[in-house]
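What follows is one structure encoded as structure tokens, with my remarks underneath.
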Amino acid sequence: MDELKFYTYIAVFGTFGLYFAIAWWARAGSTSDFYVAGGGITPLQNGMAIGADWMSAASFISMAGMISFMGYGGSVFLMGWTGGYVLLAMLLAPYMRKHGKFTVPEFIFDRYYSKTARIVAVACLIIASLTYIIGQMKGVGVAFSRFLEVDYGLGLGIGMFVVWVYAVLGGMKGITYTQIAQYVVMIFAYTIPAVFISLQLTGNPIPQLGLGSTLADGSGVYLLDKLDMVVTEIGFKEYTTSNLGGTLNMFAYTMSLMIGTAGLPHVIMRFFTVPSVEAARSSAGYALVCIALLYTVAPAVGAMARLNLMHTIEPVAGQNLEYSERPQWFKDWETTGLLQFEDKNGDGKIQYTANTTDSNIVVTNDMTGAQQTVVPNEMVKVDRDIMVLANPAIANLPNWVIALVAAGGLAAALSTAAGLLLAISSSISHDLMKGVLTPDLSEKNELLAGRVVMTIAILISGYLGLHPPGFAAGTVALAFGLAASSIFPALMMGIFSKKMSGTAAIAGMCSGIGVTMLYVFQHKGIMFIPGTDFLGNMGADWFFGISPNAFGAVGALVNFAVAFAVLKFTGPAPANIQDMVENMRTPGDVGAAHAH
Amino acid sequence: MENKEAYWKENLRLIFICLAIWFFVSFGLGLLLVEPLNEIRLGGYKLGFWFAQQGSIYSFLGLIFWYGAKMNKLDKKYNAES
């Protein structure tokens with residue numbers, strides 16, 4: 001076994017051992033432990049747990065890579081996935097905590113006095129959460145197969161077993177304390193390579209400052225200016241200004257991610273674990289501190305990785321790397337198929353450009369406006385995920401740093417999967433079974449049901465991870481779209497409009513989801529089945545140029561509009577409900593979250 | 001707890017101020033006004049780009065903690081603490 005593999009085994013199985021130890025120490029004894037960790041989590045602990053819960057394999061592995069290739073356009077993820085916490089802190093979390101129930105569908109049931117509303121909420125929650133889990137399970141399998149060279153399926157199985165042990169045993173309590181440990185692993189794994197790379201490139205150890213500094217090569221050129229220059233020379237758009245489908249699309253995309261974030265049940269339910277309304281407000285702040293630590297480093301990782309990649313391919317201006325002299329990491333990633341080279345002009349050297357045709361083309365330089373000839377691109381595939389995972393190797397960092405990245409990626413995927421599993425199991429055992437189907441379920445049996453449902457959910461998500469449906473990538477858009485267009489507006493109106501009635505809210509939720517699903521399906525196929533996309537996945541057809549991923553914001557607007565229109569015709573909520581809303585709005589006496 | 005209505009009104013006013021700033025730093029400075037702002041530099045950063053990838057996130061953090069502190073004061077003033 002080589003040194004890298006040895007370190008990776010230590011990092012991965014060392015952290016797994018830690019999670020098991022925590023799970024045993026924090027096992028759940030009651031439904032309150034299982035759903036809301038007994039209601040005694042401090043705001044800082046909750047902030048870290050939310051950070052781990054929220055930051056998935058996508059945040060850890062994919063986001064910096066997306067920014068790396070999108071430049072300024074990647075800002076939609078940075079603003080969208082952090083701005084939602086402002087909405088949570090001010091519009092939802094404190095009031096929902098005051099109301100003091102276990103789950104989001106339960107809140108909707110109380111507020112809209114309707115089992116139909118509760119079932120609609122459960123359906124949205126399960127679809128949104130399951131689609132999310134597929135991505136995490138894939139992340140676990142991929143991390144194992146790349147770093148430890150074990151079979152993808154076996155890696156997935158190990159991951160499922162680890163989650164099963166601590167999520168089923170500990171419920172919310174076990175998950176919370178493991179997530180705190182996972183947050184620490186994740187943040188070290190992300191920032192340590194970034195600090196090294198920032199130091200190498202700019203001499204500044206703080207990546208956020210390094211990104212705005214001059215290069216350490218003595219040229220006195222700013223890093224971002226250099227990046228703009230090298231990417232435009234090979235025909236790409238300028239890094240710092242390249243847009244993502246126009247201003248309106250970026251606007252809608254950012255808004256959808258923000259309200260989608262605020263409406264995702266697995267995040268909202270974490271706010272039920274703290275002891276008071278004040279603590280709910282400050283948890284949102286601590287959560288964003290923990291998230292911002294990674295999110296403000298990500299743009300630096302993206303830009304620096306891109307620059308390092310370009311520098312590897314063209315070490316001296318005008319002299320490209322011989323393919324036969326490519327570094328070891330290049331070969332390693334070629335074997336995974338995520339990096340592919342094709343010597344189109346047969347000169348034995350690697351050309352990386354924006355030209356996807358097979359012959360030279362003349363383009364206008366996005367920065368200088370000059371005409372330039374661009375040769376065909378020979379890096380026919382550069383997967384985004386490489387940028388974070390191979391980053392330490394590209395920068396020649398020591399093996400223990402690479403091992404740490406593997407453990408960090410797994411921590412990110414496992415912690416998010418656990419949070420989602422809990423959201424699913426509680427919505428079934430608490431909302432569907434205890435709430436609707438078998439109301440006389442005893443606490444002990446409800447706890448057992450929660451554990452059984454979670455086990456089944458793990459098996460289903462493992463199966464989906466092993467046989468990912470072709471539409472897995474497209475469904476993330478659906479998860480955010482659903483949360484943004486159905487759950488967020490229903491919760492917000494429930495708190496800020498005393499008169500909002502059940503009928504009106506259900507009409508709003510259904511039309512919000514309806515419009516969003518219709519838009520996503522008409523462009524991406526019904527249930528993402530190829531060939532059923534009746535309007536085609538083409539830019540020209542998109543409504544005002546808004547991409548399906550960005551449509552949740554429009555769905556939310558429809559939801560609000562329909563709900564208020566229906567309210568006008570059907571009359572306000574009954575007086576006792578209006579009193580309940582009034583009570584939600586003041587901190588007053590707050591008990592631990594409870595079932596009745 | 002007395003005068004729930006006045007408490008709620010003050011809370012709404014605070015939320016309105018915070019969300020106006022929230023909108024301004026992200027959608028305003030980071031998106032709609034990004035081109036003119038990019039003429040200004042903050043070290044190696046173009047200012048509009050900086051707001052989109054760094055500044056908006058720091059502003060969100062400031063907003064949440066500021067809102068929390070103001071609300072704690074408001075809770076005391078109206079005797080509404082838990």
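Order determines the names: the first chain of the structure tokens is A, the second B, and so forth; residues in each chain are numbered 1 upward, and ligands are numbered 1 upward as they are shown.
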Q: Could you pull out the residues in segment 23-121 of chain A that DSSP calls helix (DSSP H, G or I) from the backbone, as number ranges by chain?
A: A: 23-25, 31-39, 43-54, 57-99, 104-112, 115-121
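Shell of Asn576 of chain A at 12 Å, with only C-alpha atoms counted and residues fewer than 5 places along the chain excluded, is A:Asp110, A:Arg111, A:Tyr112, A:Tyr113, A:Lys498, A:Lys499, A:Ser501, A:Val581, A:Glu582, A:Asn583.
In terms of minimum interatomic distance to chain A, B:Phe49 ranks closest within B:Tyr78, B:Phe49, B:Trp66, B:Phe16, counting only C-alpha atoms.
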Against chain A, which residues of chain B fall within 6 Å? For each one I want the closest pair of atoms and the distance in Å (one decimal), counting only C-alpha atoms, rows by chain and increasing residue number, as CSV.
residue,atom,partner,partner_atom,distance
B:Gly43,CA,A:Gly212,CA,5.6
B:Gly44,CA,A:Gly212,CA,4.2
B:Tyr45,CA,A:Gly212,CA,5.1
B:Ala52,CA,A:Ser75,CA,5.6
B:Gln53,CA,A:Ser75,CA,5.5
B:Gln54,CA,A:Thr296,CA,5.8
B:Ile64,CA,A:Gly285,CA,5.5
B:Phe65,CA,A:Gly285,CA,5.9
B:Gly68,CA,A:Arg281,CA,5.9
B:Ala80,CA,A:Gly588,CA,5.2
B:Glu81,CA,A:Gly588,CA,5.6
B:Ser82,CA,A:Gly588,CA,4.6
With C-alpha atoms retained, export the selected residues as a JSON list (two decimals), in the first residue's frame.
[["chain", "number", "residue", "atom", "x", "y", "z"],
["B", 43, "GLY", "CA", -7.27, 45.55, -4.47],
["B", 44, "GLY", "CA", -7.35, 42.94, -7.22],
["B", 45, "TYR", "CA", -11.13, 42.61, -7.00],
["B", 52, "ALA", "CA", -21.30, 39.03, -5.71],
["B", 53, "GLN", "CA", -18.73, 36.53, -4.41],
["B", 54, "GLN", "CA", -17.70, 37.93, -1.00],
["B", 64, "ILE", "CA", -28.64, 38.39, 10.95],
["B", 65, "PHE", "CA", -26.65, 39.28, 14.07],
["B", 68, "GLY", "CA", -30.96, 39.31, 16.57],
["B", 80, "ALA", "CA", -41.61, 39.56, 25.80],
["B", 81, "GLU", "CA", -38.55, 37.44, 26.59],
["B", 82, "SER", "CA", -38.94, 33.74, 26.96]]
Q.
Would you compute the distance between atom CA of Asp228 of chain A and atom CA of Val380 of chain A? Give it in Å to one decimal.
A. 21.6 Å
Q: Enumerate as a ChimeraX atom specification all residues of chain B assigned to strand (DSSP E) by DSSP on the backbone, naming them with the chain letters and numbers the document uses.
A: /B:41-42,45-46
Q) What does the distance between atom CA of Tyr177 of chain A and atom CA of Ala28 of chain A come to in Å, to one decimal place? A) 11.7 Å
